[in-house]
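Single-structure report; data block below.
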Amino acid sequence: MDYSLIIRRAKPTEEDVNAIRSVMIDAFEKYKLDTNLEGSMEALEETYEDIYNDIVNKYVYICFVDGVPVGSIRVDINKEKKIAYISRFGVCRGYQNIGIGKSFMNLVDKLLISKGVKRAMLHAASKYTALVRFYYGCGFYIHSTSEDRGYIRALFYKDYE
């Protein structure tokens, strides 16, 4: 093993779409287990076309460790409102808590600052304590909560002003 870590923008290729799909399945299955969520979850029901369209229309990044896809994040920027929404952020089991998530967030911070974004937003299960701590450590704070998905989701904000 070389222990090389590469984060790059995803390309609209079959290889990248399938790599992101495998990351989503692994990461969000763990998310469901860790939060005791039942029922369906959008991240686990995405189609090839959904992922492909996000790669074309959003900033989608993928992380590889020694050539193995282990993480992904998506960022949708509204240039007029100068806000961004972060979604489908996941790191595979076995690769968590080694700095990959923090590396993604550092990259996203640089991207958003370079694009003049004033606020980033994301959702996460409010009872996923480790994830809530992670987001607070990255400078996010809870703005509000909702139960629109059948569980308590926190809306996190991060301001860049």
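If you're wondering about the labels, chains in the structure tokens are A, B, ... by order shown, residues count from 1 in each chain, ligands from 1 in order shown.
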For the strand (DSSP E or B) assignment from backbone DSSP, which residues of segment 60-148 of chain A qualify? Please present them as a PyMOL selection string.
chain A and resi 60-65+68-78+83-91+119-125+141-146
Sort by chain and increasing residue number a table of all residues of segment 42-154 of chain A within 12 Å of segment 9-25 of chain A, each with its closest pair of atoms and their distance in Å to one decimal, counting only C-alpha atoms, and write it as a Markdown table.
| residue | atom | partner | partner_atom | distance |
| --- | --- | --- | --- | --- |
| A:Glu42 | CA | A:Met24 | CA | 10.3 |
| A:Ala43 | CA | A:Met24 | CA | 6.6 |
| A:Leu44 | CA | A:Ile25 | CA | 5.9 |
| A:Glu45 | CA | A:Ile25 | CA | 9.0 |
| A:Glu46 | CA | A:Arg21 | CA | 8.0 |
| A:Thr47 | CA | A:Arg21 | CA | 8.5 |
| A:Tyr48 | CA | A:Val17 | CA | 6.6 |
| A:Glu49 | CA | A:Val17 | CA | 8.7 |
| A:Asp50 | CA | A:Val17 | CA | 9.3 |
| A:Ile51 | CA | A:Val17 | CA | 6.1 |
| A:Tyr52 | CA | A:Pro12 | CA | 5.8 |
| A:Asn53 | CA | A:Pro12 | CA | 8.1 |
| A:Asp54 | CA | A:Pro12 | CA | 9.0 |
| A:Ile55 | CA | A:Pro12 | CA | 5.9 |
| A:Val56 | CA | A:Pro12 | CA | 6.4 |
| A:Asn57 | CA | A:Pro12 | CA | 10.1 |
| A:Lys58 | CA | A:Ala10 | CA | 9.9 |
| A:Tyr59 | CA | A:Arg9 | CA | 7.1 |
| A:Val60 | CA | A:Ala10 | CA | 5.5 |
| A:Tyr61 | CA | A:Arg9 | CA | 4.3 |
| A:Ile62 | CA | A:Ala10 | CA | 5.8 |
| A:Cys63 | CA | A:Arg9 | CA | 8.9 |
| A:Phe64 | CA | A:Ala19 | CA | 9.6 |
| A:Gly67 | CA | A:Ala19 | CA | 10.7 |
| A:Val68 | CA | A:Ala19 | CA | 8.6 |
| A:Pro69 | CA | A:Ala19 | CA | 5.9 |
| A:Val70 | CA | A:Val23 | CA | 6.0 |
| A:Gly71 | CA | A:Val23 | CA | 5.9 |
| A:Ser72 | CA | A:Ile20 | CA | 6.4 |
| A:Ile73 | CA | A:Ile20 | CA | 9.1 |
| A:Arg74 | CA | A:Ala10 | CA | 9.6 |
| A:Val75 | CA | A:Arg9 | CA | 11.0 |
| A:Ser87 | CA | A:Met24 | CA | 11.1 |
| A:Arg88 | CA | A:Met24 | CA | 7.3 |
| A:Phe89 | CA | A:Met24 | CA | 8.3 |
| A:Gly90 | CA | A:Met24 | CA | 6.5 |
| A:Val91 | CA | A:Val23 | CA | 6.8 |
| A:Cys92 | CA | A:Val23 | CA | 5.9 |
| A:Arg93 | CA | A:Val23 | CA | 9.2 |
| A:Gly94 | CA | A:Val23 | CA | 11.7 |
| A:Tyr95 | CA | A:Val23 | CA | 10.9 |
| A:Phe104 | CA | A:Arg9 | CA | 11.1 |
| A:Leu107 | CA | A:Arg9 | CA | 10.6 |
| A:Val108 | CA | A:Arg9 | CA | 11.2 |
| A:Leu111 | CA | A:Arg9 | CA | 11.4 |
Just how far from atom CA of Ile98 of chain A is atom CA of His123 of chain A, in Å to one decimal?
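A separation of 22.2 Å between them.
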When distances are computed from only C-alpha atoms, which of A:Tyr160, A:Ala124, A:Ile6, A:Asp76 shows the smallest separation from Lys110 of chain A?
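Closest to Lys110 of chain A, using only C-alpha atoms: A:Tyr160.
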Could you tell me, as number ranges by chain, which residues of segment 7-145 of chain A DSSP assigns to alpha helix (DSSP H) when given the backbone?
A: 14-35, 48-57, 100-114, 129-137
Would you kindly return, as a list of chain:residue names, each protein, DNA or RNA residue with an atom no farther than 9 Å from any atom of segment 138-147 of chain A, considering only C-alpha atoms and excluding same-chain residues fewer than 6 positions away?
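Neighbouring residues, sequence-local ones excluded: A:Lys102, A:Met105, A:Asn106, A:Ala120, A:Met121, A:His123, A:Ser126, A:Val132, A:Arg153, A:Ala154, A:Leu155, A:Phe156, A:Tyr157, A:Lys158, A:Asp159.
Take atom CA of Lys127 of chain A and atom CA of Asp26 of chain A: the distance between them is 19.8 Å.
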